[in-house]
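Working notes, structure below.
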Amino acid sequence: MTVSQDESAPREKAPYHFGEKLRAVRERKGYTLKVVAQRAGVSESLVSQIERNRVSPAIDTLLSLAEVLDINLEFLFEEYRRKRPVEIIRKEERRSVDEDSVRYEEIVRPNSEDGNHTMESYLITIPPKSQTHRGSYGHIGRETGFVLSGQGELHYEKNVYQIKAGDGISFSAGAPHVLVNNGDEPLRAIWTVTPSQRFNKQD
């Protein structure tokens, strides 16, 4: 693969330190700067500057270096993930899904990097005389909720629990469960599920 990068263009100091990792792998493999540069299709001086974190490599250059050194990209970007530990979903970016008359609005997005420990949280709105359906057969994991407004019932196995604004709920999701709004106003609640069930397959 041949990649070029304009060495005459001004560059800022690299904000993410790929250099130490690239140099460590190169030295462990016994490659010289010249060998890596030739195989990646860039100049030896550019590789040297990248390794010293003097410049941020263009993405195609970084991919070329990773290919030459046989480096997993997850290894390179783990520092970047640590520096961005907070994800914010703006109101206008919130995804939603309707199941019959019940609306689910996402407020915490599942992270695939969490594997079997993914979590999702959403604002659920159940109109009067309506109920949820997905949990009616149970599923793996655990659910917690906080009722913001309205009142209703949690049907869990053969038990019925009255719930109202201000109540917090927590239960194993393995047993059949549904939320029923038996009041005269919408039941609104913040609901959290782990592992994620509803939004992990949404676009």
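Following the order of the structure tokens, first chain is A, next is B, and so on, with residues numbered from 1 inside each chain and ligands from 1 in the order they appear.
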Test item, alpha helix (DSSP H) assignment across region 45-165 of chain A, answer as a VMD selection string: chain A and resid 45 to 51 59 to 69 73 to 83
Let me see the file: selected residues, N, CA, C and O atoms, as a CSV table (one decimal), in the first residue's frame.
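So out-v3.csv came out as:
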```csv
chain,number,residue,atom,x,y,z
A,45,SER,N,11.4,10.2,7.9
A,45,SER,CA,11.2,11.3,8.9
A,45,SER,C,9.8,11.4,9.4
A,45,SER,O,9.6,11.7,10.6
A,46,LEU,N,8.8,11.1,8.6
A,46,LEU,CA,7.4,11.2,9.1
A,46,LEU,C,7.2,10.1,10.1
A,46,LEU,O,6.6,10.4,11.2
A,47,VAL,N,7.7,8.9,9.9
A,47,VAL,CA,7.5,7.8,10.9
A,47,VAL,C,8.2,8.2,12.2
A,47,VAL,O,7.6,8.0,13.3
A,48,SER,N,9.3,8.8,12.1
A,48,SER,CA,10.1,9.2,13.3
A,48,SER,C,9.3,10.3,14.1
A,48,SER,O,9.1,10.2,15.3
A,49,GLN,N,8.7,11.2,13.4
A,49,GLN,CA,7.9,12.3,14.0
A,49,GLN,C,6.6,11.7,14.7
A,49,GLN,O,6.2,12.1,15.7
A,50,ILE,N,6.0,10.8,14.0
A,50,ILE,CA,4.8,10.1,14.5
A,50,ILE,C,5.2,9.4,15.8
A,50,ILE,O,4.5,9.5,16.8
A,51,GLU,N,6.3,8.6,15.8
A,51,GLU,CA,6.7,7.9,17.0
A,51,GLU,C,7.0,8.8,18.1
A,51,GLU,O,6.9,8.4,19.3
A,59,ILE,N,-5.4,9.3,8.8
A,59,ILE,CA,-5.9,8.0,9.2
A,59,ILE,C,-5.4,7.0,8.2
A,59,ILE,O,-5.1,5.8,8.6
A,60,ASP,N,-5.2,7.3,6.9
A,60,ASP,CA,-4.7,6.3,6.0
A,60,ASP,C,-3.2,5.9,6.3
A,60,ASP,O,-2.8,4.8,6.2
A,61,THR,N,-2.5,6.9,6.8
A,61,THR,CA,-1.1,6.6,7.2
A,61,THR,C,-1.1,5.7,8.4
A,61,THR,O,-0.3,4.8,8.5
A,62,LEU,N,-1.9,6.0,9.4
A,62,LEU,CA,-2.0,5.2,10.6
A,62,LEU,C,-2.4,3.8,10.3
A,62,LEU,O,-1.8,2.8,10.8
A,63,LEU,N,-3.4,3.6,9.4
A,63,LEU,CA,-3.8,2.3,9.0
A,63,LEU,C,-2.7,1.5,8.3
A,63,LEU,O,-2.5,0.3,8.5
A,64,SER,N,-1.9,2.3,7.5
A,64,SER,CA,-0.7,1.6,6.8
A,64,SER,C,0.3,1.2,7.8
A,64,SER,O,0.8,0.1,7.7
A,65,LEU,N,0.6,2.0,8.7
A,65,LEU,CA,1.6,1.6,9.8
A,65,LEU,C,1.1,0.5,10.6
A,65,LEU,O,1.9,-0.5,10.9
A,66,ALA,N,-0.2,0.5,10.9
A,66,ALA,CA,-0.8,-0.6,11.7
A,66,ALA,C,-0.7,-1.9,10.9
A,66,ALA,O,-0.4,-3.0,11.4
A,67,GLU,N,-0.9,-1.8,9.6
A,67,GLU,CA,-0.8,-3.0,8.7
A,67,GLU,C,0.6,-3.6,8.6
A,67,GLU,O,0.8,-4.8,8.8
A,68,VAL,N,1.5,-2.7,8.5
A,68,VAL,CA,2.9,-3.1,8.4
A,68,VAL,C,3.4,-3.7,9.7
A,68,VAL,O,4.1,-4.8,9.6
A,69,LEU,N,3.0,-3.2,10.8
A,69,LEU,CA,3.4,-3.7,12.1
A,69,LEU,C,2.5,-4.8,12.6
A,69,LEU,O,2.8,-5.3,13.7
A,73,LEU,N,-6.1,-2.4,15.8
A,73,LEU,CA,-6.5,-1.0,16.0
A,73,LEU,C,-7.1,-0.8,17.4
A,73,LEU,O,-7.0,0.3,17.9
A,74,GLU,N,-7.7,-1.8,18.0
A,74,GLU,CA,-8.3,-1.7,19.3
A,74,GLU,C,-7.1,-1.3,20.3
A,74,GLU,O,-7.3,-0.5,21.2
A,75,PHE,N,-6.0,-1.9,20.1
A,75,PHE,CA,-4.8,-1.6,20.9
A,75,PHE,C,-4.4,-0.2,20.8
A,75,PHE,O,-4.0,0.5,21.7
A,76,LEU,N,-4.4,0.3,19.5
A,76,LEU,CA,-4.0,1.7,19.3
A,76,LEU,C,-4.9,2.7,19.9
A,76,LEU,O,-4.5,3.8,20.4
A,77,PHE,N,-6.3,2.4,19.9
A,77,PHE,CA,-7.2,3.4,20.2
A,77,PHE,C,-7.7,3.3,21.7
A,77,PHE,O,-8.6,4.1,22.1
A,78,GLU,N,-7.2,2.4,22.5
A,78,GLU,CA,-7.7,2.2,23.8
A,78,GLU,C,-7.5,3.5,24.7
A,78,GLU,O,-8.3,3.8,25.5
A,79,GLU,N,-6.4,4.2,24.4
A,79,GLU,CA,-6.1,5.4,25.1
A,79,GLU,C,-7.2,6.5,24.8
A,79,GLU,O,-7.7,7.2,25.7
A,80,TYR,N,-7.6,6.5,23.5
A,80,TYR,CA,-8.6,7.5,23.1
A,80,TYR,C,-9.9,7.2,23.8
A,80,TYR,O,-10.6,8.1,24.2
A,81,ARG,N,-10.3,5.9,23.9
A,81,ARG,CA,-11.5,5.6,24.6
A,81,ARG,C,-11.5,6.0,26.1
A,81,ARG,O,-12.5,6.5,26.6
A,82,ARG,N,-10.3,5.9,26.7
A,82,ARG,CA,-10.2,6.2,28.1
A,82,ARG,C,-10.4,7.7,28.3
A,82,ARG,O,-10.8,8.2,29.3
A,83,LYS,N,-10.0,8.5,27.3
A,83,LYS,CA,-10.0,10.0,27.4
A,83,LYS,C,-11.4,10.5,27.0
A,83,LYS,O,-11.7,11.7,27.1
```
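Counting only C-alpha atoms, the residue from A:His133, A:Glu92, A:Leu179, A:Val25 that sits nearest to Tyr161 (chain A) is A:Leu179.
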Env of Arg94 (chain A): 8 Å cut, atoms = only C-alpha atoms, seq-sep filter 3 positions within chain, self excluded. Answer as a list in words. Ile89, Arg90, Lys91, Glu105, Glu106 and Ile107 of chain A
Please provide the set of residues having any atom within 7 Å of region 148-155 of chain A, restricted to only C-alpha atoms, with same-chain residues fewer than 5 positions apart removed, written as number ranges by chain. A: 160-166, 177-183, 185-189
Could you take the residues named above and write them with C-alpha atoms, as a PDB file, in the first residue's frame?
```pdb
ATOM      1  CA  VAL A 160     -49.263  -7.636  41.123  1.00  0.00           C
ATOM      2  CA  TYR A 161     -47.488  -4.600  42.583  1.00  0.00           C
ATOM      3  CA  GLN A 162     -49.056  -1.145  42.683  1.00  0.00           C
ATOM      4  CA  ILE A 163     -46.662   1.576  41.531  1.00  0.00           C
ATOM      5  CA  LYS A 164     -46.959   5.371  41.478  1.00  0.00           C
ATOM      6  CA  ALA A 165     -44.882   8.512  40.951  1.00  0.00           C
ATOM      7  CA  GLY A 166     -41.731   8.462  43.084  1.00  0.00           C
ATOM      8  CA  HIS A 177     -43.301  -9.174  33.697  1.00  0.00           C
ATOM      9  CA  VAL A 178     -45.390  -6.353  32.251  1.00  0.00           C
ATOM     10  CA  LEU A 179     -46.139  -2.759  33.201  1.00  0.00           C
ATOM     11  CA  VAL A 180     -49.802  -1.827  33.110  1.00  0.00           C
ATOM     12  CA  ASN A 181     -51.205   1.699  33.195  1.00  0.00           C
ATOM     13  CA  ASN A 182     -54.570   1.421  34.958  1.00  0.00           C
ATOM     14  CA  GLY A 183     -54.776   5.159  35.663  1.00  0.00           C
ATOM     15  CA  GLU A 185     -53.037   9.775  32.721  1.00  0.00           C
ATOM     16  CA  PRO A 186     -49.876   8.561  30.958  1.00  0.00           C
ATOM     17  CA  LEU A 187     -47.493   6.570  33.094  1.00  0.00           C
ATOM     18  CA  ARG A 188     -43.953   7.882  32.553  1.00  0.00           C
ATOM     19  CA  ALA A 189     -40.876   6.195  33.964  1.00  0.00           C
TER      20      ALA A 189
END
```
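Ranking A:Phe146, A:Trp191, A:Tyr104, A:Tyr137 by their shortest atom-to-atom distance to Ser121 (chain A), with only C-alpha atoms included, puts A:Trp191 first.
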Which residues are close to Val108 (chain A), i.e. within 12 Å by only C-alpha atoms, leaving aside same-chain residues fewer than 4 positions away? Reply as a ChimeraX atom specification. /A:86-91,93-96,104,118-123,190-194,196,198-200
Check chain A with DSSP on the backbone and list each residue it calls strand (DSSP E), as number ranges by chain. A: 96-99, 102-108, 120-126, 142-149, 151-156, 159-164, 168-172, 177-180, 187-194
Given only C-alpha atoms as the counted atoms, nearest of A:Arg109, A:Ala175, A:Ile169, A:Ile124 to Ile140 (chain A): A:Ala175
